[in-house]
Each structure stands twice: as C-alpha cells, then as structure tokens.
Amino acid sequence: MRPTSLGRVSKKRNRRPRQAAKSRRRPRPQRGPLRRDEPDLVAQIGAAMAQDDPLPLLGLASTLMAVVDPRGRNPFGPPVEAPDRDELLESLLAVALPETAALLAALAGLSGDDVLGRRVLREITERAHPIPSWLVGLPGSVAGARVVELTHVLGDGDNLLVEATLPGGHRLTAVVYIDHNLGTLVKDAFVLSEPLEDVLAHLQTASGDDSDLVVRPCDPADARARITEAVRLGSISFPPFETDTWPASRALVEWMAGLLPSGGVGYQQSGWDEAALGDLAHRFRASPFADGVEDPADLLSVLLGFGADYAPGDPLRMSPVVVEVLLLDRVPRKVVAPVEDLTAVPDLLRAFVRFCHQERGIRPALTEESLAAVDAYEPEYQELIRTDRPQGSAGLLAALGMLDEPERDYPDIMLDALRRAVGGDAALDAVDADPLPAEPFDWAAVPADVHARVGEVLELVDGCCAELLDVEYPDGVPPSAGRHRGGRPGHLPPPQPGGHRSGGDLLARRACQLAVRPRTGHPEARGQAPHRPLRRQWQRVAAQ
C-alpha cells in the first residue's frame, strides 16, 4: 500500500452554408445588469477564471465530465434517467455568459472531440466574450518529454507522473496510481499546478526518502498505453473506486495522457508457464524454508497459479496486501478443498513469504511486515473456511454485494439483467437467433436539400456493416437520420475541402459506434426504453 499512501500524502500538500444556418440560430438570452439569480456554478466558473492558475477551471470541467460520464453508472442496477454530456453542453450553450463560454472551451478541449471543438469555437467566437487566451489555444498543449514511474520494491502498484505544458507556459503534473493487486487499474489520481520535477521532489520528501521506493524513467508512449488501459479497467470495475480526486480528475488525466505519443506497450504479464512454476515449486520445497511445512493437497500450486494468473503475473511478489487478498478472498472463495487441507495455508504462506523475499533480496523489515499480515488475517481466514460461504461466480457476486437477498441466486440476477437489456419479459421470451428483418431507408422525413449528405452517410454506414459487421446493423441507426431535429435542414456539416475528413465520414463513424453497442434484439421490443437512448444519441450527432 506504500504507493497509495505516498500519493495521499502528496495530495494533502497540498449541406447548408453558414449563411443559411445563421438565420435559424436560436435567440440569445439577454444579460441583465444584476446576476443574483444565476446558479452557483456560474460563480464557481467566475472564481476559477479570476485565478492565474488554469487548473481550477480545468478541474471544474473534469468534475462535470465525470458527473455525466456513463462509466460512473451501476451496470447491475436498473436504468436511471441521468443527464448526459450533450444535455450539459446544450444547457451551457443556452446561457450567453463569459463564464459559460469559458467552461464550454474547457469541456471541448478535455473531450478530445474535434467536432465538438469546432462547434464550441464557432460559438465563443460569435459571442465575443473575453476568455483566457490559454483556453482558446488549449488544443496546442504539449506533453512533457519526461515521464517518471515510482514504485515500491514489493510491487503493489505504480505512481506515474505525467506533465503537460499549456499555451502560455503553465505546467501541470498528473500523479496516477495504478494498483496491481486489484487488476492493474487506476485506483486514484490527482493533478497539481507544478512542474514534474517539483512534484517528484515533494513525493520523495513525503516518503521520507524511502530506500524501498524505486524511481525510474518510463517511456512516454508506454506510459500512455498503461494509463489508458488502467483507466479502462477501472471504469468497468464494480464497485468503482472513488476518492476526493477520482474519478473527478479522470477527464483531465485522460486528456494529459492523450498528449503523449502513441504506439507504446502497456503492462505485460511476467510470462510464467507451467514449467517455470513447476521449477519454482521444486526450488521452494528443496529450500530450508519448507522444512516441516505440510501441504498434502498441493495448495502451493494453487498459490503459485494465483500469482501467475493475476496482474502483474508474478508469483514471487508477496506483500502484506497480497497476503490479505489471498487469505480473505481468493483462497476461501475459489479453492474447493476439505477444511483440514485449507487449515494449513497460513503456515505454507509464511514459509513461502520467507522464500520469495530471499529470492528477491527484500530487506528483513519488509519480510516481517508480510509475516505480520499472515498473523493478523489468519483468525478471520480460519473462520471463513469453516463457514458456509458462496464460491465461484456466486462468491464474486457476494463480494460485490449482490447476494444480500438470500432468495436471489445467480441465474435470477442474470435474467433480470437480460430483461432490462431487451425491454421486458415479453421481449426476452421472443428473442431468437434469427437476424433482424431488413428495413428500407425511410426518405420521407428527409428534406430534399440534404438528400446528398444523408445518402453519403447511408452509403458509408452500409459499407462498414457489410465489411465488418453483418446485415442486422444497418437497421440499427440510419432510419433515424431522417428524424433528426424534426427533419429540419441546415444541421449537417458541410463537405470539407482539401481532403480533410468530411462531415459525412464523422457522422457515419459515430453512427456505427452507436450501432454496435448492446441494443434490443427483437422487433417487438422496439420503442422500449433500451432503444430510446440510441435514437436520442443519433439525433444529437446528426444535429451537430
């Protein structure tokens, strides 16, 4: 847990041309002389803009993006009506203030969405409100040349330090803690308004210049790959990890990582195959550490398998946290064996800890900490293996708090999830393996003056589905194109000259992304709640 506590110490330290579309532009609300009825958010934005430091405004934008991020919703819970990013943007676009213009620029910059960026740039240009110059130039930010990795010799996790320089020269540093015991995912992260060198010095001072802390350079491209994958794994973990700064800083961290060069390699498993594990087991049993240790059921092989199979795939890594995970979760939940065989696991673990630490050259004080963890968790472990407990998939659901009702078992939970996915019992009963029937494109609601652009999108979507997907997918999106914004013309992007990506290309790409998301599998379920978000999103994309 040392890298985690290290991070916490540091954190507490603190086809219509523009002329045609313009006539349809919504009326702007007028600003009155008094603003006492405006929401607190405007005051927060104003306070952030008044500072010389860009971080308060970027941090506020990142927090709002976390609020509307669908990754924060419970995947096992019922569908909830919650605001999404588009609704947030529309609410800001409807209020013509310098503060909303600044927040829109920050949101667009952090999103990495080129289409949104162009839309927001047009908006704030037309408003002509004064906003910080660094906000307008935010896409020109650059990553620092150096990325630093801090890890502990016991390898529970890594702190990755990534720097970004904004227009005007202001430097930000993100500290991202990636936990290996929980699956090599982001457990915490925060951003500081300081250069990387200063943050690194603070962290080392906060650790008391710990000799067990390893500081080394990390290839920037590899750092991007590691952070990106660790954020993804964290976003699909349940329950999610939440701290004072995470996931509030997620959008800002993802944006900073995205400035790093691509093409890197993420974390790799150590590559222990059965032969290597067998050799390790033989060396342990031949060592003096194994004298007098009983293991009639060969549970050593189980412990080695856990170490090799779970990130980062190192069976010799024996920290206090690894001991806790083994005794209080993996062995009781996953190992089906007689109690008399399981009883001996703590003694086996003590011997194996000593062996591993000698192999790795770990200093004796850290070995004693891991042994003390075995002593601390053994009473609870012995009680666990003697109780009637869920194991396997049921054990995982219990760990997630999903088996609190005794009458609900694993099949019931999965059936509930399927019912929600397809739109109810009737739709679930009607689901079969037959493809959805093909539907002709409905041109009736498409204005004649945008037929060419809609046809371009339709052709691209059909080509993608024919080459990469199957015949069912074209039915999932294009028919809604004729219904965007009530079929009003003037909202499709114009063609892009000079070989740049066209608006049709962007729309088609987004349409296919939406189509491959889980959706209703039977015609009778159409119009149910699970289908509506897909149509709403297509309408919003088509309207941009």
# chains A, B, ... in the order shown; residues from 1 in each chain; ligands from 1
>>> residues_around(residues="Gln269 of chain A", least_positions_apart="5", cutoff="7 Å", atoms="only C-alpha atoms", output="PyMOL selection string")
chain A and resi 311-313
>>> atom_distance(atom1="atom CA of Val214 of chain A", atom2="atom CA of Trp246 of chain A")
24.4 Å
>>> residues_around(residues="segment 123-135 of chain A", least_positions_apart="4", cutoff="7 Å", atoms="only C-alpha atoms", output="PDB file with N, CA, C and O atoms, in the first residue's frame")
ATOM      1  N   PRO A  98     -19.798  35.051 -20.334  1.00  0.00           N
ATOM      2  CA  PRO A  98     -18.369  34.719 -20.455  1.00  0.00           C
ATOM      3  C   PRO A  98     -18.017  33.443 -19.703  1.00  0.00           C
ATOM      4  O   PRO A  98     -17.172  32.671 -20.156  1.00  0.00           O
ATOM      5  N   ALA A 101     -19.019  30.434 -21.725  1.00  0.00           N
ATOM      6  CA  ALA A 101     -18.121  30.308 -22.871  1.00  0.00           C
ATOM      7  C   ALA A 101     -16.793  29.685 -22.446  1.00  0.00           C
ATOM      8  O   ALA A 101     -16.241  28.812 -23.139  1.00  0.00           O
ATOM      9  N   ALA A 102     -16.276  30.105 -21.305  1.00  0.00           N
ATOM     10  CA  ALA A 102     -15.013  29.550 -20.819  1.00  0.00           C
ATOM     11  C   ALA A 102     -15.156  28.077 -20.474  1.00  0.00           C
ATOM     12  O   ALA A 102     -14.283  27.256 -20.798  1.00  0.00           O
ATOM     13  N   ALA A 105     -15.283  25.965 -23.592  1.00  0.00           N
ATOM     14  CA  ALA A 105     -13.951  25.781 -24.187  1.00  0.00           C
ATOM     15  C   ALA A 105     -13.165  24.726 -23.427  1.00  0.00           C
ATOM     16  O   ALA A 105     -12.464  23.903 -24.035  1.00  0.00           O
ATOM     17  N   ALA A 106     -13.265  24.734 -22.094  1.00  0.00           N
ATOM     18  CA  ALA A 106     -12.542  23.740 -21.295  1.00  0.00           C
ATOM     19  C   ALA A 106     -13.094  22.341 -21.538  1.00  0.00           C
ATOM     20  O   ALA A 106     -12.338  21.373 -21.686  1.00  0.00           O
ATOM     21  N   ARG A 119     -17.413  23.239 -33.053  1.00  0.00           N
ATOM     22  CA  ARG A 119     -18.720  23.827 -32.721  1.00  0.00           C
ATOM     23  C   ARG A 119     -18.589  24.871 -31.613  1.00  0.00           C
ATOM     24  O   ARG A 119     -19.146  25.961 -31.686  1.00  0.00           O
ATOM     25  N   LEU A 166       0.740  24.013 -21.023  1.00  0.00           N
ATOM     26  CA  LEU A 166      -0.360  24.700 -21.679  1.00  0.00           C
ATOM     27  C   LEU A 166       0.152  25.917 -22.434  1.00  0.00           C
ATOM     28  O   LEU A 166       1.255  26.396 -22.174  1.00  0.00           O
ATOM     29  N   PRO A 167      -0.641  26.457 -23.379  1.00  0.00           N
ATOM     30  CA  PRO A 167      -0.258  27.711 -24.030  1.00  0.00           C
ATOM     31  C   PRO A 167      -0.019  28.790 -22.986  1.00  0.00           C
ATOM     32  O   PRO A 167      -0.791  28.949 -22.047  1.00  0.00           O
ATOM     33  N   GLY A 168       1.060  29.515 -23.141  1.00  0.00           N
ATOM     34  CA  GLY A 168       1.445  30.495 -22.137  1.00  0.00           C
ATOM     35  C   GLY A 168       2.504  29.971 -21.191  1.00  0.00           C
ATOM     36  O   GLY A 168       3.060  30.731 -20.392  1.00  0.00           O
TER      37      GLY A 168
END
>>> closest_residue(among="A:Val339, A:Leu327, A:Ile236, A:Ala373", to="Asn74 of chain A", atoms="only C-alpha atoms")
A:Ile236
>>> residues_around(residues="Leu348 of chain A", least_positions_apart="3", cutoff="10 Å", atoms="only C-alpha atoms", output="mmCIF file with N, CA, C and O atoms, in the first residue's frame")
data_model
loop_
_atom_site.group_PDB
_atom_site.id
_atom_site.type_symbol
_atom_site.label_atom_id
_atom_site.label_comp_id
_atom_site.auth_asym_id
_atom_site.auth_seq_id
_atom_site.Cartn_x
_atom_site.Cartn_y
_atom_site.Cartn_z
ATOM 1 N N PHE A 289 13.330 -23.271 3.941
ATOM 2 C CA PHE A 289 12.091 -22.614 4.364
ATOM 3 C C PHE A 289 10.916 -23.593 4.394
ATOM 4 O O PHE A 289 9.943 -23.365 5.115
ATOM 5 N N ALA A 290 10.977 -24.660 3.604
ATOM 6 C CA ALA A 290 9.862 -25.609 3.523
ATOM 7 C C ALA A 290 9.958 -26.730 4.543
ATOM 8 O O ALA A 290 9.058 -27.579 4.591
ATOM 9 N N GLY A 292 9.347 -28.978 7.470
ATOM 10 C CA GLY A 292 8.243 -29.125 8.422
ATOM 11 C C GLY A 292 6.925 -28.544 7.959
ATOM 12 O O GLY A 292 5.947 -28.557 8.726
ATOM 13 N N VAL A 293 6.861 -28.031 6.747
ATOM 14 C CA VAL A 293 5.616 -27.459 6.247
ATOM 15 C C VAL A 293 4.804 -28.547 5.540
ATOM 16 O O VAL A 293 5.294 -29.189 4.610
ATOM 17 N N GLU A 294 3.581 -28.765 6.008
ATOM 18 C CA GLU A 294 2.719 -29.780 5.421
ATOM 19 C C GLU A 294 1.835 -29.172 4.336
ATOM 20 O O GLU A 294 1.265 -28.103 4.524
ATOM 21 N N ASP A 295 1.729 -29.882 3.230
ATOM 22 C CA ASP A 295 0.896 -29.424 2.123
ATOM 23 C C ASP A 295 0.361 -30.643 1.370
ATOM 24 O O ASP A 295 0.690 -30.880 0.210
ATOM 25 N N LEU A 299 -1.485 -27.279 -2.171
ATOM 26 C CA LEU A 299 -2.043 -25.939 -2.295
ATOM 27 C C LEU A 299 -0.993 -24.911 -2.706
ATOM 28 O O LEU A 299 -1.333 -23.799 -3.109
ATOM 29 N N LEU A 300 0.301 -25.312 -2.619
ATOM 30 C CA LEU A 300 1.341 -24.435 -3.136
ATOM 31 C C LEU A 300 1.098 -24.149 -4.617
ATOM 32 O O LEU A 300 1.260 -23.002 -5.072
ATOM 33 N N LEU A 303 -1.444 -21.429 -4.911
ATOM 34 C CA LEU A 303 -0.909 -20.098 -4.622
ATOM 35 C C LEU A 303 -0.053 -19.595 -5.781
ATOM 36 O O LEU A 303 -0.128 -18.414 -6.156
ATOM 37 N N THR A 343 -6.712 -25.552 6.263
ATOM 38 C CA THR A 343 -6.216 -25.049 7.543
ATOM 39 C C THR A 343 -4.728 -24.735 7.500
ATOM 40 O O THR A 343 -4.245 -23.802 8.150
ATOM 41 N N ALA A 344 -3.975 -25.506 6.712
ATOM 42 C CA ALA A 344 -2.518 -25.365 6.701
ATOM 43 C C ALA A 344 -2.020 -24.229 5.818
ATOM 44 O O ALA A 344 -0.816 -23.955 5.789
ATOM 45 N N VAL A 345 -2.913 -23.526 5.113
ATOM 46 C CA VAL A 345 -2.474 -22.488 4.171
ATOM 47 C C VAL A 345 -1.672 -21.379 4.851
ATOM 48 O O VAL A 345 -0.630 -20.952 4.315
ATOM 49 N N ALA A 351 6.040 -19.690 5.147
ATOM 50 C CA ALA A 351 7.275 -20.250 4.597
ATOM 51 C C ALA A 351 7.553 -19.692 3.204
ATOM 52 O O ALA A 351 8.696 -19.367 2.856
ATOM 53 N N PHE A 352 6.499 -19.562 2.400
ATOM 54 C CA PHE A 352 6.687 -19.093 1.032
ATOM 55 C C PHE A 352 7.070 -17.607 0.994
ATOM 56 O O PHE A 352 7.851 -17.176 0.144
ATOM 57 N N VAL A 353 6.536 -16.811 1.919
ATOM 58 C CA VAL A 353 6.921 -15.394 2.013
ATOM 59 C C VAL A 353 8.418 -15.284 2.264
ATOM 60 O O VAL A 353 9.125 -14.495 1.612
#
>>> select_by_dssp(residues="segment 136-333 of chain A", states="strand (DSSP E)", output="count of residues only")
40
>>> residues_around(residues="Gln204 of chain A", least_positions_apart="4", cutoff="10 Å", atoms="only C-alpha atoms", output="list in words")
Leu6, Ser10, Leu150, Val199, Leu200, Gly208, Asp209, Asp210, Ser211, Leu213 and Val215 of chain A
>>> closest_residue(among="A:Glu359, A:Glu194, A:Glu439, A:Asp86", to="Leu316 of chain A", atoms="only C-alpha atoms")
A:Glu359
>>> closest_atom_pairs(of="segment 132-210 of chain A", to="segment 224-227 of chain A", cutoff="10 Å", atoms="only C-alpha atoms", output="CSV")
residue,atom,partner,partner_atom,distance
A:Val147,CA,A:Arg224,CA,9.7
A:Leu160,CA,A:Ile227,CA,8.2
A:Val162,CA,A:Arg224,CA,9.1
A:Val176,CA,A:Ile227,CA,7.7
A:Tyr177,CA,A:Ile227,CA,9.2
A:Ile178,CA,A:Ile227,CA,7.9
A:Thr184,CA,A:Arg226,CA,8.9
A:Leu185,CA,A:Ile227,CA,8.3
A:Val186,CA,A:Ile227,CA,7.6
>>> write_last_selection(atoms="N, CA and C atoms", output="short mmCIF file (atom, residue, chain, number, x, y, z; two decimals), in the first residue's frame")
data_model
loop_
_atom_site.label_atom_id
_atom_site.label_comp_id
_atom_site.auth_asym_id
_atom_site.auth_seq_id
_atom_site.Cartn_x
_atom_site.Cartn_y
_atom_site.Cartn_z
N VAL A 147 8.56 11.22 -18.46
CA VAL A 147 7.57 10.57 -17.60
C VAL A 147 8.34 9.76 -16.56
N LEU A 160 2.57 6.95 -11.72
CA LEU A 160 3.11 7.51 -12.96
C LEU A 160 2.93 9.02 -12.93
N VAL A 162 3.04 12.41 -15.10
CA VAL A 162 2.95 12.89 -16.48
C VAL A 162 2.77 14.40 -16.45
N VAL A 176 -0.72 9.49 -11.20
CA VAL A 176 -1.70 8.43 -11.44
C VAL A 176 -1.24 7.17 -10.73
N TYR A 177 -2.04 6.71 -9.74
CA TYR A 177 -1.68 5.49 -9.02
C TYR A 177 -2.39 4.30 -9.64
N ILE A 178 -1.61 3.34 -10.13
CA ILE A 178 -2.14 2.12 -10.77
C ILE A 178 -1.88 0.96 -9.83
N THR A 184 -4.46 -4.15 -11.94
CA THR A 184 -3.71 -3.16 -12.71
C THR A 184 -4.67 -2.11 -13.28
N LEU A 185 -5.30 -1.40 -12.37
CA LEU A 185 -6.26 -0.36 -12.74
C LEU A 185 -5.98 0.91 -11.93
N VAL A 186 -6.51 2.02 -12.43
CA VAL A 186 -6.32 3.29 -11.72
C VAL A 186 -7.21 3.29 -10.48
#
>>> closest_residue(among="A:Gly278, A:Pro220, A:Gly59, A:Pro195", to="Gly266 of chain A", atoms="only C-alpha atoms")
A:Pro220
>>> atom_distance(atom1="atom CA of Glu378 of chain A", atom2="atom CA of Glu340 of chain A")
14.6 Å
>>> closest_residue(among="A:Leu182, A:Val461, A:Ala337, A:Ala448", to="Glu324 of chain A", atoms="only C-alpha atoms")
A:Leu182
>>> select_by_dssp(residues="segment 53-136 of chain A", states="helix (DSSP H, G or I)", output="ChimeraX atom specification")
/A:55-67,70-72,85-93,98-111,114-127,133-136
